[in-house]
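The next block holds one structure in the form of structure tokens; read it before the comments.
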Amino acid sequence: MEVRRLQYPLPPDFEAPPCVLAMGYFDGVHLGHRRVIQKAIDEAKVQGVASAVMTFYPHPREVLGKSGYTQYLSPLDEKLRLFEAAGVDIAYVVHFDIAFAAIYPEDFIDEFMMALEPRHVVVGFDYTFGHRGKGTVLTLKEQANGRYDIDVIAPVNKFGEKISSTLVREYLYQGNIIEATQFLGRPYRVHGTVVHGEKRGRTIGFPTANVQLAAPYIVPRNGVYGVRVWLDGTPYHGVMNVGIKPTFENERKEKSLEAHLFEFNDDIYGRTLDVEFLFFIREEQKFSGIDALVARIQQDVAEAKKQFAVHSIV
């Protein structure tokens, strides 16, 4: 997949191949997003042109000062990985800033979108663009004038609710991992590096990998989770504690992600890995002492192994 980073205004000598263009922010690349992207890929094959996705960075709401948008379901590198896995030919990453936010919808179409040579445009039913988000699907249709065709993808519903990035975020904040997985169409995943921690886990019989996230991912609610960890292409099951470890009052109260991998005892400090959250086990707790903590971790491990054995994990 070719990645092209763009900024408004485009240079006078900008050139692009004809394409079918899917547009959206696509945070999470959930099932609704994937339907938009797949339609663009399918149509591009029919027309014999490139399939392209236009996305934006950073999040428009972050630039415009809206709260809650400094963390992402899919930071840019992860989003691009998902686009490539879907089969997209070209990813246009548009730098979103105040100047870009001020473009009127008609100017966005004429001066920016058309420069990408779209033969066909695909968007979700609620797609908005341009100054104050005044551009809508209707605007795209009215401004086409035979220059491009357009497909508008209807909402994708599950459990009686419209799949959205906002709802996936809420599920993660609540620890509702199964629901988030079903809306995403895959387990929620974060990428990071194993760093040195307190090394207390090894002393109590449960060595852990302390994961420092590589990007501003949304982190699920504090608690213990069943996880699948990918290291050099090999998956390992385990449990992960997300939180501040309240049993140890003298430690700095910063949120950490610590994974204990089953039947695994290698030194992996400095290595990168991916963590997939598969199910929620319990809330984070403060225990009376080390013995109570160890007993509870043993229960967590037993519960996780039972779920891995009994249930089909995505």
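The chains in the structure tokens are called A, B, ... from first to last as shown; in each chain the residues are counted from 1, and the ligands are counted from 1 in the order shown.
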
Per-residue DSSP, region 74-314 of chain A, filtered to alpha helix (DSSP H), as a ChimeraX atom specification: /A:76-86,98-101,105-107,137-142,165-174,177-184,200-203,290-310

Polymer residues at most 12 Å from Ala144 (chain A), only C-alpha atoms, same-chain spacing of 5 or more positions, as a CSV table (one decimal) with N, CA, C and O atoms, in the first residue's frame:
```
chain,number,residue,atom,x,y,z
A,106,GLU,N,-17.7,23.3,-0.6
A,106,GLU,CA,-17.5,23.3,-2.0
A,106,GLU,C,-16.1,23.5,-2.4
A,106,GLU,O,-15.6,22.8,-3.4
A,109,ILE,N,-14.3,20.1,-2.0
A,109,ILE,CA,-14.5,19.2,-3.2
A,109,ILE,C,-13.7,19.7,-4.4
A,109,ILE,O,-13.0,18.9,-5.0
A,110,ASP,N,-13.8,21.0,-4.7
A,110,ASP,CA,-13.2,21.4,-6.0
A,110,ASP,C,-11.7,21.5,-5.9
A,110,ASP,O,-11.0,21.2,-6.9
A,113,MET,N,-10.5,17.5,-2.9
A,113,MET,CA,-10.9,16.1,-3.3
A,113,MET,C,-10.7,15.8,-4.7
A,113,MET,O,-10.2,14.7,-5.1
A,114,MET,N,-11.1,16.7,-5.6
A,114,MET,CA,-11.0,16.4,-7.1
A,114,MET,C,-9.6,16.3,-7.5
A,114,MET,O,-9.3,15.6,-8.5
A,118,PRO,N,-10.9,11.3,-8.1
A,118,PRO,CA,-11.9,10.2,-7.8
A,118,PRO,C,-12.9,10.0,-8.9
A,118,PRO,O,-13.5,11.0,-9.4
A,119,ARG,N,-13.0,8.8,-9.4
A,119,ARG,CA,-14.0,8.5,-10.4
A,119,ARG,C,-15.3,8.1,-9.6
A,119,ARG,O,-16.4,8.2,-10.2
A,120,HIS,N,-15.1,7.7,-8.4
A,120,HIS,CA,-16.3,7.3,-7.6
A,120,HIS,C,-15.9,7.6,-6.1
A,120,HIS,O,-14.7,7.4,-5.7
A,121,VAL,N,-16.9,8.0,-5.3
A,121,VAL,CA,-16.6,8.4,-3.9
A,121,VAL,C,-17.5,7.5,-3.1
A,121,VAL,O,-18.7,7.3,-3.4
A,137,VAL,N,-23.5,14.4,2.9
A,137,VAL,CA,-23.7,13.5,1.8
A,137,VAL,C,-24.5,14.3,0.7
A,137,VAL,O,-24.2,14.2,-0.5
A,138,LEU,N,-25.5,15.1,1.1
A,138,LEU,CA,-26.2,15.8,0.1
A,138,LEU,C,-25.3,16.8,-0.7
A,138,LEU,O,-25.5,17.0,-1.9
A,139,THR,N,-24.4,17.5,0.0
A,139,THR,CA,-23.5,18.4,-0.6
A,139,THR,C,-22.7,17.6,-1.7
A,139,THR,O,-22.5,18.1,-2.8
A,149,ASP,N,-19.2,9.5,-9.4
A,149,ASP,CA,-20.4,8.8,-8.8
A,149,ASP,C,-20.2,8.7,-7.3
A,149,ASP,O,-19.1,8.9,-6.8
A,150,ILE,N,-21.3,8.4,-6.6
A,150,ILE,CA,-21.1,8.4,-5.2
A,150,ILE,C,-22.0,7.2,-4.6
A,150,ILE,O,-23.1,7.0,-5.1
A,151,ASP,N,-21.4,6.5,-3.7
A,151,ASP,CA,-22.1,5.5,-2.9
A,151,ASP,C,-22.2,6.0,-1.4
A,151,ASP,O,-21.1,6.4,-0.9
```

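You can rank A:Ile218, A:Val20, A:Ile290, A:Ala209 by their closest distance to Asn265 (chain A) using only C-alpha atoms, and at the top of that list sits A:Ala209.
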
Exercise: Pro58 (chain A) partners within 10 Å, only C-alpha atoms, chain neighbours under 4 positions left out, as a PyMOL selection string: chain A and resi 25+62-63+69-70+72+75-76+93-97

Since we have the selection now, will you write its residues out, keeping N, CA and C atoms, as an mmCIF file, in the first residue's frame?
```cif
data_model
loop_
_atom_site.group_PDB
_atom_site.id
_atom_site.type_symbol
_atom_site.label_atom_id
_atom_site.label_comp_id
_atom_site.auth_asym_id
_atom_site.auth_seq_id
_atom_site.Cartn_x
_atom_site.Cartn_y
_atom_site.Cartn_z
ATOM 1 N N TYR A 25 -12.741 9.511 8.940
ATOM 2 C CA TYR A 25 -11.623 9.464 9.881
ATOM 3 C C TYR A 25 -11.253 8.014 10.196
ATOM 4 N N GLU A 62 -9.793 16.754 18.156
ATOM 5 C CA GLU A 62 -8.642 17.147 18.973
ATOM 6 C C GLU A 62 -8.163 18.539 18.563
ATOM 7 N N VAL A 63 -8.051 18.783 17.262
ATOM 8 C CA VAL A 63 -7.598 20.083 16.762
ATOM 9 C C VAL A 63 -8.571 21.186 17.164
ATOM 10 N N TYR A 69 -10.437 13.394 22.956
ATOM 11 C CA TYR A 69 -9.900 12.899 21.694
ATOM 12 C C TYR A 69 -8.396 13.084 21.595
ATOM 13 N N THR A 70 -7.709 12.804 22.693
ATOM 14 C CA THR A 70 -6.246 12.764 22.658
ATOM 15 C C THR A 70 -5.757 11.327 22.631
ATOM 16 N N TYR A 72 -6.671 7.250 20.962
ATOM 17 C CA TYR A 72 -7.272 6.699 19.765
ATOM 18 C C TYR A 72 -7.527 5.206 19.907
ATOM 19 N N PRO A 75 -4.361 4.472 16.626
ATOM 20 C CA PRO A 75 -3.401 5.508 16.240
ATOM 21 C C PRO A 75 -2.974 5.299 14.784
ATOM 22 N N LEU A 76 -2.375 6.315 14.192
ATOM 23 C CA LEU A 76 -2.181 6.326 12.742
ATOM 24 C C LEU A 76 -1.495 5.078 12.212
ATOM 25 N N VAL A 93 -3.163 10.495 3.839
ATOM 26 C CA VAL A 93 -3.232 10.974 5.219
ATOM 27 C C VAL A 93 -3.158 12.494 5.168
ATOM 28 N N VAL A 94 -4.260 13.147 5.457
ATOM 29 C CA VAL A 94 -4.362 14.594 5.341
ATOM 30 C C VAL A 94 -4.083 15.239 6.700
ATOM 31 N N HIS A 95 -3.121 16.155 6.721
ATOM 32 C CA HIS A 95 -2.817 16.883 7.955
ATOM 33 C C HIS A 95 -3.987 17.806 8.276
ATOM 34 N N PHE A 96 -4.608 17.566 9.428
ATOM 35 C CA PHE A 96 -5.766 18.368 9.816
ATOM 36 C C PHE A 96 -5.326 19.479 10.758
ATOM 37 N N ASP A 97 -5.549 20.709 10.350
ATOM 38 C CA ASP A 97 -5.220 21.858 11.187
ATOM 39 C C ASP A 97 -6.330 22.899 11.059
#
```

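With only C-alpha atoms taken into account, the protein and nucleic acid residues at most 9 Å from Gly32 (chain A) (excluding it and anything under 2 positions from it in its own chain) are Val29, His30, Arg34, Arg35, Val36, Ile37, Gly124, Ile153, Ala154, Pro155, Val156, Asn157, Lys162, Ile163, Ser164, Phe183 and Leu184 of chain A.
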
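If you measure from each of A:Val227, A:Ile244, A:Leu82, A:Pro235 to Ile281 (chain A) using only C-alpha atoms, the closest one turns out to be A:Val227.
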